[in-house]
file run.pdb (PDB, C-alpha atoms)
ATOM      1  CA  MET A1154       1.827 -22.955 -16.821
ATOM      2  CA  THR A1155      -0.433 -24.894 -14.437
ATOM      3  CA  GLY A1156       2.514 -25.660 -12.183
ATOM      4  CA  PHE A1157       3.501 -21.987 -12.143
ATOM      5  CA  ILE A1158      -0.015 -20.907 -11.110
ATOM      6  CA  LEU A1159      -0.345 -23.600  -8.441
ATOM      7  CA  SER A1160       3.048 -22.734  -6.941
ATOM      8  CA  LYS A1161       2.090 -19.065  -6.697
ATOM      9  CA  LEU A1162      -1.265 -19.896  -5.091
ATOM     10  CA  LEU A1163       0.442 -22.186  -2.574
ATOM     11  CA  ARG A1164       2.981 -19.491  -1.730
ATOM     12  CA  ALA A1165       0.183 -16.953  -1.225
ATOM     13  CA  PHE A1166      -1.696 -19.346   1.093
ATOM     14  CA  ILE A1167       1.421 -20.038   3.180
ATOM     15  CA  THR A1168       2.153 -16.306   3.428
ATOM     16  CA  LEU A1169      -1.380 -15.570   4.652
ATOM     17  CA  LEU A1170      -1.216 -18.409   7.194
ATOM     18  CA  LEU A1171       2.119 -17.144   8.539
ATOM     19  CA  THR A1172       0.715 -13.610   8.745
ATOM     20  CA  VAL A1173      -2.352 -14.747  10.669
ATOM     21  CA  SER A1174      -0.147 -16.762  13.047
ATOM     22  CA  LEU A1175       2.265 -13.878  13.642
ATOM     23  CA  VAL A1176      -0.594 -11.486  14.369
ATOM     24  CA  PHE A1177      -1.968 -13.966  16.918
ATOM     25  CA  ILE A1178       1.450 -14.417  18.556
ATOM     26  CA  PHE A1179       2.284 -10.710  18.732
ATOM     27  CA  ILE A1180      -1.064  -9.783  20.254
ATOM     28  CA  ARG A1181      -0.905 -12.558  22.854
ATOM     29  CA  PHE A1182       2.735 -11.996  23.856
ATOM     30  CA  SER A1183       2.763  -8.182  23.783
ATOM     31  CA  GLY A1184       0.688  -8.138  26.964
ATOM     32  CA  ASP A1185      -2.576  -9.356  28.392
ATOM     33  CA  PRO A1186      -5.291  -8.549  25.788
ATOM     34  CA  ALA A1187      -7.969  -8.594  28.480
ATOM     35  CA  ALA A1188      -6.070  -6.066  30.586
ATOM     36  CA  ALA A1189      -5.501  -3.909  27.488
ATOM     37  CA  MET A1190      -9.203  -3.758  26.676
ATOM     38  CA  ALA A1191     -10.292  -3.075  30.250
ATOM     39  CA  PRO A1192     -10.187   0.487  31.670
ATOM     40  CA  PRO A1193      -6.836   1.473  33.234
ATOM     41  CA  ASP A1194      -8.211   1.407  36.799
ATOM     42  CA  ALA A1195     -10.370  -1.714  36.333
ATOM     43  CA  PRO A1196     -10.276  -4.269  39.194
ATOM     44  CA  GLN A1197      -9.015  -7.782  38.621
ATOM     45  CA  GLU A1198     -12.578  -9.119  38.546
ATOM     46  CA  VAL A1199     -13.336  -7.045  35.438
ATOM     47  CA  ILE A1200     -10.145  -8.213  33.714
ATOM     48  CA  ASP A1201     -11.013 -11.828  34.519
ATOM     49  CA  TYR A1202     -14.499 -11.279  33.077
ATOM     50  CA  TYR A1203     -13.014  -9.985  29.803
ATOM     51  CA  ALA A1204     -10.597 -12.931  29.687
ATOM     52  CA  GLU A1205     -13.395 -15.467  30.210
ATOM     53  CA  LYS A1206     -15.714 -13.776  27.704
ATOM     54  CA  LEU A1207     -13.027 -13.706  24.986
ATOM     55  CA  GLY A1208     -11.682 -17.170  25.738
ATOM     56  CA  LEU A1209      -8.317 -15.842  26.876
ATOM     57  CA  ASP A1210      -8.346 -18.059  29.969
ATOM     58  CA  LYS A1211      -7.999 -21.201  27.832
ATOM     59  CA  PRO A1212      -4.706 -22.859  26.773
ATOM     60  CA  LEU A1213      -2.809 -21.117  23.998
ATOM     61  CA  TRP A1214      -3.294 -23.870  21.411
ATOM     62  CA  VAL A1215      -7.060 -23.828  22.040
ATOM     63  CA  GLN A1216      -7.083 -20.053  21.547
ATOM     64  CA  TYR A1217      -5.136 -20.448  18.290
ATOM     65  CA  THR A1218      -7.430 -23.088  16.795
ATOM     66  CA  SER A1219     -10.485 -21.090  17.833
ATOM     67  CA  TYR A1220      -8.899 -17.989  16.303
ATOM     68  CA  LEU A1221      -8.332 -19.774  12.970
ATOM     69  CA  ALA A1222     -11.870 -21.181  12.999
ATOM     70  CA  GLN A1223     -13.329 -17.706  13.539
ATOM     71  CA  ILE A1224     -11.292 -16.292  10.635
ATOM     72  CA  VAL A1225     -12.424 -19.095   8.330
ATOM     73  CA  LYS A1226     -16.049 -18.279   9.242
ATOM     74  CA  GLY A1227     -15.443 -14.557   8.653
ATOM     75  CA  ASP A1228     -15.776 -13.616  12.318
ATOM     76  CA  PHE A1229     -13.078 -11.040  13.103
ATOM     77  CA  GLY A1230     -14.503  -9.798  16.388
ATOM     78  CA  TYR A1231     -16.181  -6.632  17.566
ATOM     79  CA  SER A1232     -14.849  -3.230  18.485
ATOM     80  CA  VAL A1233     -14.843  -2.573  22.222
ATOM     81  CA  ASP A1234     -14.946   1.148  21.476
ATOM     82  CA  SER A1235     -18.093   1.282  19.322
ATOM     83  CA  GLY A1236     -19.625  -2.181  19.690
ATOM     84  CA  ARG A1237     -19.699  -2.659  15.914
ATOM     85  CA  SER A1238     -17.924  -5.434  14.038
ATOM     86  CA  SER A1239     -14.364  -4.665  13.002
ATOM     87  CA  VAL A1240     -15.215  -5.563   9.408
ATOM     88  CA  SER A1241     -18.002  -2.957   9.187
ATOM     89  CA  LEU A1242     -15.757  -0.272  10.670
ATOM     90  CA  PHE A1243     -13.068  -1.118   8.115
ATOM     91  CA  LEU A1244     -15.495  -1.112   5.184
ATOM     92  CA  ASP A1245     -16.897   2.283   6.208
ATOM     93  CA  ARG A1246     -13.429   3.835   5.989
ATOM     94  CA  LEU A1247     -12.150   1.834   2.999
ATOM     95  CA  PRO A1248     -13.710   4.001   0.189
ATOM     96  CA  ALA A1249     -11.929   7.122   1.454
ATOM     97  CA  THR A1250      -8.579   5.306   1.594
ATOM     98  CA  LEU A1251      -9.025   3.774  -1.867
ATOM     99  CA  TYR A1252     -10.012   7.165  -3.262
ATOM    100  CA  LEU A1253      -6.908   8.774  -1.792
ATOM    101  CA  GLY A1254      -4.606   5.884  -2.736
ATOM    102  CA  GLY A1255      -5.978   5.587  -6.274
ATOM    103  CA  PHE A1256      -5.625   9.314  -6.886
ATOM    104  CA  SER A1257      -2.052   9.344  -5.571
ATOM    105  CA  LEU A1258      -1.158   6.275  -7.659
ATOM    106  CA  LEU A1259      -2.552   7.923 -10.774
ATOM    107  CA  ILE A1260      -0.424  11.012 -10.114
ATOM    108  CA  ALA A1261       2.679   8.926  -9.443
ATOM    109  CA  LEU A1262       2.253   6.809 -12.564
ATOM    110  CA  THR A1263       1.497   9.716 -14.888
ATOM    111  CA  VAL A1264       4.170  12.097 -13.643
ATOM    112  CA  GLY A1265       6.829   9.523 -12.723
ATOM    113  CA  ILE A1266       6.787   7.495 -15.940
ATOM    114  CA  SER A1267       6.617  10.647 -18.048
ATOM    115  CA  LEU A1268       9.616  12.167 -16.276
ATOM    116  CA  GLY A1269      11.555   8.906 -16.477
ATOM    117  CA  THR A1270      10.903   8.632 -20.222
ATOM    118  CA  VAL A1271      12.012  12.238 -20.781
ATOM    119  CA  ALA A1272      15.184  11.607 -18.764
ATOM    120  CA  ALA A1273      15.992   8.420 -20.696
ATOM    121  CA  LEU A1274      15.511  10.081 -24.085
ATOM    122  CA  ASN A1275      17.712  13.014 -23.017
ATOM    123  CA  ARG A1276      20.427  11.069 -21.245
ATOM    124  CA  GLY A1277      23.285  13.147 -19.902
ATOM    125  CA  ASN A1278      21.877  16.645 -20.515
ATOM    126  CA  PHE A1279      20.273  19.098 -18.108
ATOM    127  CA  LEU A1280      16.805  17.503 -18.389
ATOM    128  CA  ASP A1281      18.156  14.137 -17.289
ATOM    129  CA  ARG A1282      20.055  15.637 -14.375
ATOM    130  CA  GLY A1283      17.048  17.717 -13.333
ATOM    131  CA  VAL A1284      14.693  14.723 -13.343
ATOM    132  CA  MET A1285      17.136  12.619 -11.359
ATOM    133  CA  ALA A1286      17.630  15.405  -8.814
ATOM    134  CA  PHE A1287      13.849  15.695  -8.419
ATOM    135  CA  SER A1288      13.440  11.915  -8.032
ATOM    136  CA  VAL A1289      16.068  11.800  -5.267
ATOM    137  CA  PHE A1290      14.385  14.720  -3.502
ATOM    138  CA  ALA A1291      10.919  13.149  -3.849
ATOM    139  CA  PHE A1292      12.085   9.774  -2.547
ATOM    140  CA  ALA A1293      14.011  11.271   0.394
ATOM    141  CA  MET A1294      11.341  13.753   1.523
ATOM    142  CA  PRO A1295       9.315  12.317   4.454
ATOM    143  CA  ASN A1296       5.571  12.296   3.770
ATOM    144  CA  PHE A1297       4.628  13.902   7.063
ATOM    145  CA  LEU A1298       7.115  16.752   6.594
ATOM    146  CA  PHE A1299       5.925  17.515   3.062
ATOM    147  CA  GLY A1300       2.301  17.281   4.230
ATOM    148  CA  LEU A1301       2.868  19.718   7.078
ATOM    149  CA  ALA A1302       4.602  22.101   4.654
ATOM    150  CA  VAL A1303       1.607  21.944   2.298
ATOM    151  CA  ILE A1304      -0.813  22.688   5.154
ATOM    152  CA  LEU A1305       1.313  25.586   6.441
ATOM    153  CA  ILE A1306       1.691  27.114   2.962
ATOM    154  CA  GLY A1307      -2.064  26.887   2.400
ATOM    155  CA  ALA A1308      -2.886  28.357   5.807
ATOM    156  CA  LEU A1309      -0.290  31.163   5.899
ATOM    157  CA  GLY A1310      -0.111  32.016   2.211
ATOM    158  CA  PHE A1311      -3.694  31.491   1.033
ATOM    159  CA  GLN A1312      -5.675  31.402   4.310
ATOM    160  CA  THR A1313      -7.031  28.001   3.271
ATOM    161  CA  TYR A1314      -6.937  24.744   5.201
ATOM    162  CA  LEU A1315      -5.785  21.974   2.856
ATOM    163  CA  GLY A1316      -6.595  19.059   5.149
ATOM    164  CA  GLY A1317      -9.591  16.743   5.248
ATOM    165  CA  GLN A1318     -13.070  18.064   5.898
ATOM    166  CA  GLY A1319     -14.382  15.582   8.440
ATOM    167  CA  ALA A1320     -16.244  12.744   6.774
ATOM    168  CA  SER A1321     -16.637  14.496   3.416
ATOM    169  CA  ILE A1322     -14.703  13.274   0.366
ATOM    170  CA  SER A1323     -14.134  15.462  -2.695
ATOM    171  CA  TRP A1324     -11.578  15.735  -5.468
ATOM    172  CA  VAL A1325     -10.573  19.193  -4.229
ATOM    173  CA  GLY A1326      -9.934  17.898  -0.722
ATOM    174  CA  VAL A1327      -8.082  14.801  -1.928
ATOM    175  CA  LEU A1328      -5.549  16.675  -4.079
ATOM    176  CA  PRO A1329      -3.160  17.878  -1.279
ATOM    177  CA  PRO A1330      -2.920  14.515   0.534
ATOM    178  CA  ALA A1331      -2.722  12.669  -2.808
ATOM    179  CA  LEU A1332       0.200  14.841  -3.917
ATOM    180  CA  THR A1333       1.885  14.212  -0.571
ATOM    181  CA  LEU A1334       1.312  10.461  -0.702
ATOM    182  CA  GLY A1335       2.352  10.179  -4.347
ATOM    183  CA  LEU A1336       5.548  12.216  -4.021
ATOM    184  CA  ALA A1337       7.851   9.345  -3.011
ATOM    185  CA  SER A1338       6.266   6.993  -5.556
ATOM    186  CA  THR A1339       6.737   9.589  -8.290
ATOM    187  CA  GLY A1340      10.479   9.642  -7.651
ATOM    188  CA  SER A1341      10.650   5.835  -7.652
ATOM    189  CA  TYR A1342       8.713   5.536 -10.918
ATOM    190  CA  ALA A1343      10.899   8.175 -12.561
ATOM    191  CA  ARG A1344      14.120   6.355 -11.632
ATOM    192  CA  PHE A1345      12.806   2.904 -12.562
ATOM    193  CA  SER A1346      11.351   4.137 -15.859
ATOM    194  CA  ARG A1347      14.615   5.833 -16.826
ATOM    195  CA  SER A1348      16.877   2.887 -15.995
ATOM    196  CA  SER A1349      14.558   0.291 -17.526
ATOM    197  CA  LEU A1350      14.047   2.274 -20.734
ATOM    198  CA  LEU A1351      17.780   2.955 -21.115
ATOM    199  CA  GLU A1352      18.560  -0.732 -20.666
ATOM    200  CA  THR A1353      15.934  -1.698 -23.253
ATOM    201  CA  ILE A1354      16.998   0.926 -25.804
ATOM    202  CA  ASN A1355      20.537  -0.480 -25.873
ATOM    203  CA  LYS A1356      19.469  -4.079 -26.504
ATOM    204  CA  PRO A1357      20.302  -5.768 -29.838
ATOM    205  CA  PHE A1358      16.706  -6.176 -31.031
ATOM    206  CA  LEU A1359      16.162  -2.394 -30.966
ATOM    207  CA  LEU A1360      19.424  -1.795 -32.788
ATOM    208  CA  ALA A1361      18.237  -4.295 -35.404
ATOM    209  CA  ALA A1362      14.890  -2.491 -35.653
ATOM    210  CA  GLU A1363      16.730   0.776 -36.228
ATOM    211  CA  ALA A1364      18.866  -0.841 -38.914
ATOM    212  CA  ARG A1365      15.710  -2.014 -40.710
ATOM    213  CA  GLY A1366      14.513   1.583 -40.891
ATOM    214  CA  ILE A1367      11.646   1.414 -38.388
ATOM    215  CA  PRO A1368      10.745   4.987 -37.328
ATOM    216  CA  ARG A1369      11.986   6.145 -33.916
ATOM    217  CA  THR A1370       8.488   6.793 -32.540
ATOM    218  CA  ARG A1371       7.342   3.292 -33.485
ATOM    219  CA  ARG A1372      10.470   1.743 -31.975
ATOM    220  CA  LEU A1373       9.841   3.640 -28.754
ATOM    221  CA  PHE A1374       6.114   2.944 -28.277
ATOM    222  CA  PHE A1375       5.771  -0.527 -29.806
ATOM    223  CA  HIS A1376       9.133  -2.125 -29.014
ATOM    224  CA  ALA A1377      10.976  -0.346 -26.195
ATOM    225  CA  MET A1378       8.174   0.613 -23.810
ATOM    226  CA  PRO A1379       6.419  -2.798 -23.601
ATOM    227  CA  ASN A1380       9.721  -4.478 -22.724
ATOM    228  CA  ALA A1381      10.724  -1.691 -20.328
ATOM    229  CA  ALA A1382       7.371  -2.018 -18.534
ATOM    230  CA  ILE A1383       8.142  -5.475 -17.166
ATOM    231  CA  PRO A1384      10.193  -4.264 -14.130
ATOM    232  CA  LEU A1385       7.641  -1.502 -13.522
ATOM    233  CA  VAL A1386       4.867  -4.058 -13.062
ATOM    234  CA  THR A1387       6.490  -5.215  -9.819
ATOM    235  CA  LEU A1388       6.689  -1.652  -8.531
ATOM    236  CA  ILE A1389       3.056  -1.031  -9.468
ATOM    237  CA  GLY A1390       2.070  -4.214  -7.639
ATOM    238  CA  LEU A1391       3.827  -3.033  -4.492
ATOM    239  CA  SER A1392       2.086   0.321  -4.818
ATOM    240  CA  LEU A1393      -1.305  -1.372  -5.148
ATOM    241  CA  GLY A1394      -0.585  -3.510  -2.112
ATOM    242  CA  GLY A1395       0.437  -0.457  -0.127
ATOM    243  CA  LEU A1396      -2.688   1.591  -0.874
ATOM    244  CA  ILE A1397      -4.003   0.919   2.637
ATOM    245  CA  ALA A1398      -0.776   0.652   4.636
ATOM    246  CA  GLY A1399       1.011   3.525   2.926
ATOM    247  CA  SER A1400      -1.549   6.176   3.780
ATOM    248  CA  VAL A1401      -1.526   5.931   7.585
ATOM    249  CA  VAL A1402       0.745   8.923   8.235
ATOM    250  CA  THR A1403      -0.714  11.039   5.418
ATOM    251  CA  GLU A1404      -4.294  10.441   6.586
ATOM    252  CA  GLN A1405      -3.336  11.433  10.110
ATOM    253  CA  VAL A1406      -1.595  14.625   8.983
ATOM    254  CA  PHE A1407      -4.459  15.737   6.724
ATOM    255  CA  ALA A1408      -7.272  14.372   8.953
ATOM    256  CA  TRP A1409      -8.457  12.216   6.063
ATOM    257  CA  PRO A1410     -11.300   9.883   7.169
ATOM    258  CA  GLY A1411      -9.763   6.631   5.982
ATOM    259  CA  VAL A1412      -8.451   3.318   7.273
ATOM    260  CA  GLY A1413      -5.144   4.832   8.389
ATOM    261  CA  GLN A1414      -6.891   7.224  10.742
ATOM    262  CA  LEU A1415      -9.042   4.341  12.029
ATOM    263  CA  LEU A1416      -5.891   2.298  12.725
ATOM    264  CA  VAL A1417      -4.290   5.097  14.753
ATOM    265  CA  ARG A1418      -7.492   5.609  16.723
ATOM    266  CA  SER A1419      -7.883   1.874  17.356
ATOM    267  CA  VAL A1420      -4.328   1.631  18.690
ATOM    268  CA  ALA A1421      -4.931   4.633  20.965
ATOM    269  CA  THR A1422      -8.172   3.135  22.349
ATOM    270  CA  ARG A1423      -6.705  -0.392  22.609
ATOM    271  CA  ASP A1424      -9.305  -1.748  20.217
ATOM    272  CA  ILE A1425      -7.549  -5.071  19.569
ATOM    273  CA  ALA A1426     -10.132  -6.638  17.260
ATOM    274  CA  THR A1427     -10.077  -3.670  14.886
ATOM    275  CA  VAL A1428      -6.277  -3.416  14.903
ATOM    276  CA  GLN A1429      -6.011  -7.139  14.257
ATOM    277  CA  PHE A1430      -8.379  -7.047  11.286
ATOM    278  CA  ILE A1431      -6.727  -3.982   9.711
ATOM    279  CA  VAL A1432      -3.291  -5.645   9.926
ATOM    280  CA  LEU A1433      -4.709  -8.807   8.331
ATOM    281  CA  ALA A1434      -6.420  -6.744   5.606
ATOM    282  CA  ILE A1435      -3.161  -4.941   4.796
ATOM    283  CA  ALA A1436      -1.263  -8.229   4.624
ATOM    284  CA  GLY A1437      -3.975  -9.785   2.474
ATOM    285  CA  THR A1438      -3.889  -6.829   0.105
ATOM    286  CA  MET A1439      -0.138  -7.163  -0.323
ATOM    287  CA  VAL A1440      -0.373 -10.905  -0.971
ATOM    288  CA  VAL A1441      -3.175 -10.509  -3.522
ATOM    289  CA  ALA A1442      -1.318  -7.678  -5.286
ATOM    290  CA  ASN A1443       1.854  -9.770  -5.581
ATOM    291  CA  LEU A1444      -0.210 -12.704  -6.832
ATOM    292  CA  LEU A1445      -1.792 -10.547  -9.536
ATOM    293  CA  VAL A1446       1.652  -9.289 -10.572
ATOM    294  CA  ASP A1447       2.905 -12.871 -10.924
ATOM    295  CA  PHE A1448      -0.074 -13.755 -13.114
ATOM    296  CA  LEU A1449       0.351 -10.587 -15.141
ATOM    297  CA  TYR A1450       3.891 -11.685 -15.967
ATOM    298  CA  LEU A1451       2.362 -14.618 -17.838
ATOM    299  CA  ILE A1452       0.607 -12.149 -20.142
ATOM    300  CA  ILE A1453       3.336  -9.586 -20.773
ATOM    301  CA  ASP A1454       6.401 -11.869 -20.748
ATOM    302  CA  PRO A1455       6.121 -14.859 -23.133
ATOM    303  CA  ARG A1456       9.389 -16.305 -21.821
ATOM    304  CA  ILE A1457       7.621 -17.327 -18.576
ATOM    305  CA  ARG A1458       4.889 -19.093 -20.566
ATOM    306  CA  VAL A1459       7.534 -20.965 -22.545
ATOM    307  CA  GLN A1460       9.363 -22.042 -19.371
TER     308      GLN A1460
END
call {"tool": "encode", "arguments": {"input": "run.pdb", "output": "structure tokens"}}
result
Amino acid sequence: MTGFILSKLLRAFITLLLTVSLVFIFIRFSGDPAAAMAPPDAPQEVIDYYAEKLGLDKPLWVQYTSYLAQIVKGDFGYSVDSGRSSVSLFLDRLPATLYLGGFSLLIALTVGISLGTVAALNRGNFLDRGVMAFSVFAFAMPNFLFGLAVILIGALGFQTYLGGQGASISWVGVLPPALTLGLASTGSYARFSRSSLLETINKPFLLAAEARGIPRTRRLFFHAMPNAAIPLVTLIGLSLGGLIAGSVVTEQVFAWPGVGQLLVRSVATRDIATVQFIVLAIAGTMVVANLLVDFLYLIIDPRIRVQ
């Protein structure tokens, strides 16, 4: 078990190091960062001043080592738009994004797993076909298109704007964007739950449990569902990792004051430090989520512990 944990930690460290390196390379080779931060009509003297102040006039390997040293110390730079640190800007917007992402994940888990279980227990009839048709529709529907439809229906049909209300966060305001964000995940959870539960129900140990006279409800909740949940853990881990990255379009459509809206604004204003930190935070979230999923496998799957 110790070797398993150490290998996963090493893989997570290598992934983070590669992510940090790729972010550095893309920013440096996508154009002159100093020219990007300067005003469009700035003279060359101003661009040179930005380059000298940020250390961009030094050799590339010196910039890279300095960049790694700053990250290790927790220095991710300052926003040229507001003058605040990129970390503080991110943390100000993070609660709104987590609130939206957590609400949408709760909807997706509750509705998706319930629909998938109903479809698996009614395989082949109209309920199964209806759930599968809905899951395909939910997965194929683009978030921005569904979000715009929700806003238009609210505005034209009920004379109510269903978008964000500036910097305010409430459960009433979060419901429309959460439904929009959770729609695709609901379809995925429904399909995964159905296929995983059907595969588990047909395994020999459940047939043996039925032969021993164990009631159907007990077989379902205490034998089938725990084993069927193993593939779903991976999907939940991906959903947790995508709480920040997955809400960019939805936050922009509904004017939700979260990290996604900050990312779009930072790209528009060429705020490189903020964009860089948000990309690193998204990558770090994905790595940590996958790491937690790997460790959770040790708890729910005894075969990994035995190996």
call {"tool": "closest_atom_pairs", "arguments": {"input": "run.pdb", "of": "stretch 1362-1418 of chain A", "to": "stretch 1272-1288 of chain A", "cutoff": "12 Å", "atoms": "all atoms listed in the file", "output": "tab-separated table"}}
result
residue	atom	partner	partner_atom	distance
A:Arg1369	CA	A:Leu1274	CA	11.2
A:Thr1370	CA	A:Leu1274	CA	11.5
A:Leu1373	CA	A:Leu1274	CA	9.8
A:Ala1377	CA	A:Ala1273	CA	11.5
A:Met1378	CA	A:Ala1273	CA	11.5
A:Ala1381	CA	A:Ala1273	CA	11.4
call {"tool": "atom_distance", "arguments": {"input": "run.pdb", "atom1": "atom CA of A:Gln1223", "atom2": "atom CA of A:Ile1397"}}
result
23.5 Å
call {"tool": "residues_around", "arguments": {"input": "run.pdb", "residues": "A:Ile1178", "least_positions_apart": "5", "cutoff": "10 Å", "atoms": "all atoms listed in the file", "output": "PyMOL selection string"}}
result
chain A and resi 1172-1173+1183+1213+1217
call {"tool": "atom_distance", "arguments": {"input": "run.pdb", "atom1": "atom CA of A:Ala1165", "atom2": "atom CA of A:Leu1444"}}
result
7.0 Å
call {"tool": "residues_around", "arguments": {"input": "run.pdb", "residues": "stretch 1238-1252 of chain A", "least_positions_apart": "5", "cutoff": "10 Å", "atoms": "only C-alpha atoms", "output": "PyMOL selection string"}}
result
chain A and resi 1227-1233+1257-1258+1320-1324+1327+1331+1393+1396-1401+1404+1409-1416+1424-1431+1434
call {"tool": "resolve_selection", "arguments": {"input": "run.pdb", "expression": "the PyMOL selection byres ((chain A and resi 1340-1354) around 9)", "output": "JSON list (two decimals) with C-alpha atoms, in the coordinates of the input"}}
result
[["chain", "number", "residue", "atom", "x", "y", "z"],
["A", 1261, "ALA", "CA", 2.68, 8.93, -9.44],
["A", 1262, "LEU", "CA", 2.25, 6.81, -12.56],
["A", 1264, "VAL", "CA", 4.17, 12.10, -13.64],
["A", 1265, "GLY", "CA", 6.83, 9.52, -12.72],
["A", 1266, "ILE", "CA", 6.79, 7.50, -15.94],
["A", 1267, "SER", "CA", 6.62, 10.65, -18.05],
["A", 1268, "LEU", "CA", 9.62, 12.17, -16.28],
["A", 1269, "GLY", "CA", 11.56, 8.91, -16.48],
["A", 1270, "THR", "CA", 10.90, 8.63, -20.22],
["A", 1271, "VAL", "CA", 12.01, 12.24, -20.78],
["A", 1272, "ALA", "CA", 15.18, 11.61, -18.76],
["A", 1273, "ALA", "CA", 15.99, 8.42, -20.70],
["A", 1274, "LEU", "CA", 15.51, 10.08, -24.08],
["A", 1276, "ARG", "CA", 20.43, 11.07, -21.24],
["A", 1284, "VAL", "CA", 14.69, 14.72, -13.34],
["A", 1285, "MET", "CA", 17.14, 12.62, -11.36],
["A", 1287, "PHE", "CA", 13.85, 15.70, -8.42],
["A", 1288, "SER", "CA", 13.44, 11.92, -8.03],
["A", 1289, "VAL", "CA", 16.07, 11.80, -5.27],
["A", 1290, "PHE", "CA", 14.38, 14.72, -3.50],
["A", 1291, "ALA", "CA", 10.92, 13.15, -3.85],
["A", 1292, "PHE", "CA", 12.08, 9.77, -2.55],
["A", 1293, "ALA", "CA", 14.01, 11.27, 0.39],
["A", 1335, "GLY", "CA", 2.35, 10.18, -4.35],
["A", 1336, "LEU", "CA", 5.55, 12.22, -4.02],
["A", 1337, "ALA", "CA", 7.85, 9.35, -3.01],
["A", 1338, "SER", "CA", 6.27, 6.99, -5.56],
["A", 1339, "THR", "CA", 6.74, 9.59, -8.29],
["A", 1355, "ASN", "CA", 20.54, -0.48, -25.87],
["A", 1356, "LYS", "CA", 19.47, -4.08, -26.50],
["A", 1357, "PRO", "CA", 20.30, -5.77, -29.84],
["A", 1358, "PHE", "CA", 16.71, -6.18, -31.03],
["A", 1359, "LEU", "CA", 16.16, -2.39, -30.97],
["A", 1360, "LEU", "CA", 19.42, -1.80, -32.79],
["A", 1373, "LEU", "CA", 9.84, 3.64, -28.75],
["A", 1376, "HIS", "CA", 9.13, -2.12, -29.01],
["A", 1377, "ALA", "CA", 10.98, -0.35, -26.20],
["A", 1378, "MET", "CA", 8.17, 0.61, -23.81],
["A", 1380, "ASN", "CA", 9.72, -4.48, -22.72],
["A", 1381, "ALA", "CA", 10.72, -1.69, -20.33],
["A", 1382, "ALA", "CA", 7.37, -2.02, -18.53],
["A", 1383, "ILE", "CA", 8.14, -5.48, -17.17],
["A", 1384, "PRO", "CA", 10.19, -4.26, -14.13],
["A", 1385, "LEU", "CA", 7.64, -1.50, -13.52],
["A", 1388, "LEU", "CA", 6.69, -1.65, -8.53],
["A", 1389, "ILE", "CA", 3.06, -1.03, -9.47]]
call {"tool": "atom_distance", "arguments": {"input": "run.pdb", "atom1": "atom CA of A:Thr1155", "atom2": "atom CA of A:Pro1379"}}
result
24.9 Å
call {"tool": "axis_aligned_box", "arguments": {"input": "run.pdb", "around": "stretch 1264-1276 of chain A", "padding_each_side": "3 Å", "output": "AutoDock Vina command-line options"}}
result
--center_x 12.3 --center_y 10.3 --center_z -18.4 --size_x 22.3 --size_y 11.5 --size_z 17.4
call {"tool": "closest_residue", "arguments": {"input": "run.pdb", "among": "A:Phe1297, A:Val1432, A:Ala1408, A:Leu1445", "to": "A:Phe1179", "atoms": "only C-alpha atoms"}}
result
A:Val1432
call {"tool": "resolve_selection", "arguments": {"input": "run.pdb", "expression": "the PyMOL selection byres ((chain A and resi 1304) around 9)", "output": "PyMOL selection string"}}
result
chain A and resi 1299-1303+1305-1309+1313-1316+1329+1406-1407
